[in-house]
$ cat query_1.tsv   # TSV, C-alpha atoms
chain	number	residue	atom	x	y	z
A	1439	MET	CA	94.40	130.52	98.01
A	1440	PRO	CA	96.92	129.57	95.29
A	1441	ARG	CA	96.98	126.01	94.02
A	1442	ALA	CA	99.93	123.85	94.97
A	1443	SER	CA	102.65	123.44	92.39
A	1444	ALA	CA	103.28	120.08	90.79
A	1445	ALA	CA	106.38	119.72	92.95
A	1446	ASP	CA	104.38	120.45	96.11
A	1447	ALA	CA	101.72	117.96	95.08
A	1448	ALA	CA	104.36	115.29	94.39
A	1449	ALA	CA	105.98	115.96	97.76
A	1450	THR	CA	102.61	115.63	99.50
A	1451	ALA	CA	101.85	112.37	97.70
A	1452	ALA	CA	105.27	111.01	98.67
A	1453	ARG	CA	104.79	112.04	102.31
A	1454	ILE	CA	101.39	110.34	102.41
A	1455	ARG	CA	102.87	107.18	100.86
A	1456	THR	CA	105.79	107.17	103.32
A	1457	VAL	CA	103.51	107.58	106.33
A	1458	ALA	CA	101.16	104.92	105.00
A	1459	ALA	CA	104.08	102.51	104.51
A	1460	GLN	CA	105.06	103.00	108.15
A	1461	ARG	CA	101.48	102.49	109.34
A	1462	PHE	CA	100.95	99.39	107.18
A	1463	ALA	CA	104.25	97.93	108.40
A	1464	VAL	CA	103.44	98.43	112.07
A	1465	ASP	CA	99.66	98.01	112.22
A	1466	GLY	CA	98.91	95.99	109.08
A	1467	TYR	CA	96.51	96.87	106.31
A	1468	ALA	CA	93.29	96.04	108.15
A	1469	ALA	CA	94.11	98.12	111.24
A	1470	THR	CA	95.35	101.16	109.31
A	1471	SER	CA	92.77	103.83	108.56
A	1472	VAL	CA	92.96	106.61	106.01
A	1473	ASP	CA	92.24	109.04	108.85
A	1474	ASP	CA	95.32	107.82	110.74
A	1475	VAL	CA	97.47	108.21	107.62
A	1476	ALA	CA	96.11	111.71	106.99
A	1477	THR	CA	96.74	112.77	110.58
A	1478	ASP	CA	100.28	111.38	110.58
A	1479	ALA	CA	101.03	113.03	107.23
A	1480	GLY	CA	99.60	116.37	108.36
A	1481	VAL	CA	96.99	116.46	105.59
A	1482	THR	CA	93.26	116.07	105.32
A	1483	ARG	CA	91.52	112.83	104.49
A	1484	GLY	CA	90.46	114.51	101.24
A	1485	ALA	CA	94.12	115.07	100.35
A	1486	VAL	CA	94.81	111.36	100.76
A	1487	TYR	CA	91.91	110.54	98.44
A	1488	HIS	CA	93.03	113.23	96.00
A	1489	HIS	CA	96.42	111.55	95.56
A	1490	TYR	CA	95.27	107.94	96.04
A	1491	ASP	CA	91.68	107.24	95.08
A	1492	SER	CA	91.10	104.67	97.83
A	1493	LYS	CA	92.77	102.84	100.69
A	1494	PRO	CA	93.52	99.89	98.38
A	1495	GLY	CA	94.94	102.37	95.85
A	1496	LEU	CA	97.19	103.86	98.52
A	1497	PHE	CA	98.26	100.37	99.58
A	1498	ALA	CA	99.05	99.43	95.98
A	1499	ALA	CA	101.25	102.53	95.67
A	1500	VAL	CA	103.04	101.61	98.90
A	1501	VAL	CA	103.59	98.05	97.67
A	1502	ALA	CA	104.96	99.26	94.34
A	1503	ARG	CA	107.36	101.62	96.09
A	1504	LEU	CA	108.55	99.01	98.60
A	1505	GLN	CA	109.04	96.42	95.86
A	1506	GLN	CA	111.13	98.92	93.94
A	1507	GLU	CA	113.21	99.69	97.04
A	1508	VAL	CA	113.90	95.98	97.55
A	1509	ALA	CA	114.74	95.52	93.86
A	1510	ASP	CA	117.08	98.54	93.97
A	1511	ALA	CA	118.91	97.07	96.99
A	1512	VAL	CA	119.31	93.76	95.17
A	1513	VAL	CA	120.65	95.39	92.00
A	1514	GLN	CA	123.05	97.58	93.95
A	1515	ALA	CA	124.39	94.66	95.97
A	1516	ALA	CA	124.67	92.33	92.99
A	1517	GLY	CA	126.54	94.94	90.97
A	1518	ASP	CA	128.19	93.40	87.98
A	1519	GLY	CA	129.15	90.23	89.82
A	1520	ALA	CA	130.26	87.50	87.49
A	1521	GLY	CA	129.11	83.90	87.78
A	1522	ASP	CA	127.37	83.13	91.02
A	1523	ASP	CA	128.88	86.11	92.88
A	1524	GLY	CA	126.13	88.52	91.80
A	1525	LEU	CA	123.47	85.90	92.56
A	1526	ARG	CA	124.81	85.42	96.08
A	1527	ARG	CA	125.19	89.11	96.87
A	1528	GLY	CA	121.79	89.93	95.41
A	1529	SER	CA	120.05	87.07	97.23
A	1530	HIS	CA	121.49	88.08	100.58
A	1531	ALA	CA	120.60	91.72	99.89
A	1532	PHE	CA	117.04	90.65	99.10
A	1533	LEU	CA	116.73	88.87	102.43
A	1534	ASP	CA	118.03	91.89	104.31
A	1535	ALA	CA	116.05	94.47	102.33
A	1536	ILE	CA	112.71	92.71	102.52
A	1537	THR	CA	113.01	92.19	106.28
A	1538	ALA	CA	113.91	95.84	106.98
A	1539	ASP	CA	111.35	98.33	108.25
A	1540	GLY	CA	108.39	95.96	108.28
A	1541	ARG	CA	108.51	95.38	104.53
A	1542	ALA	CA	107.88	91.63	104.88
A	1543	ARG	CA	104.56	92.29	106.59
A	1544	VAL	CA	103.44	94.62	103.82
A	1545	LEU	CA	104.90	92.76	100.84
A	1546	LEU	CA	104.54	89.14	101.87
A	1547	ARG	CA	101.65	88.99	104.33
A	1548	ASP	CA	99.18	91.70	103.40
A	1549	ALA	CA	99.87	92.36	99.72
A	1550	PRO	CA	98.78	88.97	98.36
A	1551	ALA	CA	95.46	89.25	100.22
A	1552	VAL	CA	94.76	92.94	99.60
A	1553	LEU	CA	95.91	93.16	95.99
A	1554	THR	CA	94.82	89.60	95.13
A	1555	TRP	CA	97.25	86.77	94.68
A	1556	GLU	CA	97.34	87.22	90.90
A	1557	THR	CA	98.14	90.94	91.08
A	1558	TRP	CA	100.81	90.36	93.71
A	1559	ARG	CA	102.43	87.65	91.59
A	1560	GLU	CA	102.36	89.93	88.55
A	1561	THR	CA	104.04	92.83	90.36
A	1562	ASP	CA	106.61	90.49	91.91
A	1563	ALA	CA	107.35	89.07	88.47
A	1564	GLN	CA	108.12	92.59	87.23
A	1565	THR	CA	110.61	93.39	90.00
A	1566	SER	CA	112.36	90.80	92.17
A	1567	ALA	CA	111.70	87.81	89.92
A	1568	VAL	CA	113.25	89.57	86.92
A	1569	HIS	CA	116.47	90.23	88.81
A	1570	LEU	CA	116.58	86.73	90.27
A	1571	ARG	CA	116.07	85.15	86.86
A	1572	GLU	CA	118.85	87.30	85.36
A	1573	ALA	CA	121.21	86.40	88.21
A	1574	LEU	CA	120.44	82.70	87.84
A	1575	THR	CA	121.15	82.94	84.13
A	1576	GLY	CA	124.44	84.67	84.89
A	1577	ALA	CA	125.30	81.94	87.37
A	1578	GLY	CA	124.90	79.33	84.66
A	1579	VAL	CA	121.53	77.79	85.47
A	1580	ALA	CA	120.38	75.88	82.39
A	1581	ALA	CA	117.54	77.41	80.38
A	1582	ASP	CA	115.30	74.38	80.90
A	1583	MET	CA	115.67	74.76	84.68
A	1584	LEU	CA	115.44	78.55	84.87
A	1585	GLY	CA	111.69	78.91	85.51
A	1586	ALA	CA	111.52	76.22	88.17
A	1587	THR	CA	114.71	77.35	89.87
A	1588	THR	CA	113.52	80.96	89.96
A	1589	ALA	CA	110.22	79.90	91.54
A	1590	LEU	CA	111.87	77.60	94.07
A	1591	LEU	CA	114.54	80.05	95.19
A	1592	SER	CA	112.08	82.96	95.29
A	1593	GLY	CA	109.69	80.94	97.44
A	1594	ALA	CA	112.46	79.86	99.78
A	1595	MET	CA	113.69	83.43	100.23
A	1596	ASN	CA	110.16	84.73	100.80
A	1597	GLU	CA	109.56	82.07	103.46
A	1598	ALA	CA	112.89	82.90	105.09
A	1599	ALA	CA	111.89	86.57	105.15
A	1600	LEU	CA	108.59	85.73	106.84
A	1601	TRP	CA	110.41	83.53	109.33
A	1602	LEU	CA	112.88	86.31	110.09
A	1603	SER	CA	110.12	88.90	110.42
A	1604	GLU	CA	108.73	86.84	113.30
A	1605	ARG	CA	112.16	86.99	114.94
A	1606	ALA	CA	112.97	90.68	114.69
A	1607	GLY	CA	116.27	91.51	116.32
A	1608	ASP	CA	117.31	87.86	116.65
A	1609	ALA	CA	120.87	87.92	115.31
A	1610	ALA	CA	121.24	84.14	115.54
A	1611	ALA	CA	118.13	83.62	113.40
A	1612	ARG	CA	119.42	86.11	110.81
A	1613	THR	CA	122.78	84.35	110.71
A	1614	ALA	CA	121.07	80.97	110.33
A	1615	ALA	CA	118.87	82.28	107.52
A	1616	HIS	CA	121.88	83.60	105.63
A	1617	ARG	CA	123.79	80.35	106.17
A	1618	GLY	CA	120.79	78.38	104.94
A	1619	LEU	CA	120.52	80.65	101.91
A	1620	ASP	CA	124.17	79.96	101.09
A	1621	ARG	CA	123.47	76.22	101.22
A	1622	LEU	CA	120.56	76.63	98.82
A	1623	LEU	CA	122.67	78.73	96.49
A	1624	ASP	CA	125.46	76.12	96.61
A	1625	ALA	CA	122.93	73.52	95.41
A	1626	VAL	CA	121.56	75.83	92.71
A	1627	VAL	CA	124.91	76.69	91.15
A	1628	ASP	CA	126.49	73.25	91.66

$ encode --input "query_1.tsv" --output "structure tokens"
Amino acid sequence: MPRASAADAAATAARIRTVAAQRFAVDGYAATSVDDVATDAGVTRGAVYHHYDSKPGLFAAVVARLQQEVADAVVQAAGDGAGDDGLRRGSHAFLDAITADGRARVLLRDAPAVLTWETWRETDAQTSAVHLREALTGAGVAADMLGATTALLSGAMNEAALWLSERAGDAAARTAAHRGLDRLLDAVVD
């Protein structure tokens, strides 16, 4: 039997990661088995381990991909907004992106425990926190307040995302979260 091409292998790895992301979002890390992921992806358990050396390794790959998707949504929404416009658009996009498709469960509930708090903080600092810090700088937040403001706003948005994830489909809660975010942003850029 001929070996799979690099493109085929990459497609298989991506399919496994996509299926795993769906499983982790619905069932959580603890209740998701490698066998379930393999079955859903139409591959063997060995294929999962070939592409991702362990269940934690697969989870880490899912987290990295989901964090990048959230960061991409933020960057796209923020565009080249001047002043606080980019900060506002990006912050609202973050709230919407992280609460879509079960991402909050994976990124905010399970990831800190599975990856360790330190690793989660490090990966967050390389994606969302970078964009938030840049947007705050662009909105005129003073250099001596930048670190604290980034941490405070990031924490508030993460908590809002967790709150919203417990209220899936509740349009009034989503509206309230976005209104509350605007109030926070008004205070930040005041």

$ closest_residue --input "query_1.tsv" --among "A:Val1568, A:Val1472, A:Ala1535, A:Leu1590" --to "A:Arg1455" --atoms "only C-alpha atoms"
A:Val1472

$ closest_residue --input "query_1.tsv" --among "A:Met1595, A:Ala1449, A:Ile1536, A:Ala1498" --to "A:Thr1554" --atoms "only C-alpha atoms"
A:Ala1498

$ axis_aligned_box --input "query_1.tsv" --around "stretch 1623-1627 of chain A" --padding-each-side "5 Å" --output "lines of an AutoDock Vina configuration file"
center_x = 123.5
center_y = 76.1
center_z = 93.9
size_x = 13.9
size_y = 15.2
size_z = 15.5

$ closest_residue --input "query_1.tsv" --among "A:Ala1594, A:Ala1549, A:Ala1542, A:Leu1584" --to "A:Leu1496" --atoms "only C-alpha atoms"
A:Ala1549

$ atom_distance --input "query_1.tsv" --atom1 "atom CA of A:Ala1448" --atom2 "atom CA of A:Val1486"
12.1 Å

$ closest_residue --input "query_1.tsv" --among "A:Leu1553, A:Ala1563, A:Ala1459, A:Ala1447" --to "A:Gly1495" --atoms "only C-alpha atoms"
A:Leu1553

$ residues_around --input "query_1.tsv" --residues "A:Val1512" --least-positions-apart "6" --cutoff "6 Å" --atoms "only C-alpha atoms" --output "count of residues only"
3

$ closest_residue --input "query_1.tsv" --among "A:Leu1623, A:Ala1509, A:Asp1473, A:Ala1479" --to "A:Gln1564" --atoms "only C-alpha atoms"
A:Ala1509

$ closest_residue --input "query_1.tsv" --among "A:Arg1559, A:Ala1551, A:Ser1529, A:Val1579" --to "A:Asp1620" --atoms "all atoms listed in the file"
A:Ser1529

$ atom_distance --input "query_1.tsv" --atom1 "atom CA of A:Ile1454" --atom2 "atom CA of A:Lys1493"
11.6 Å
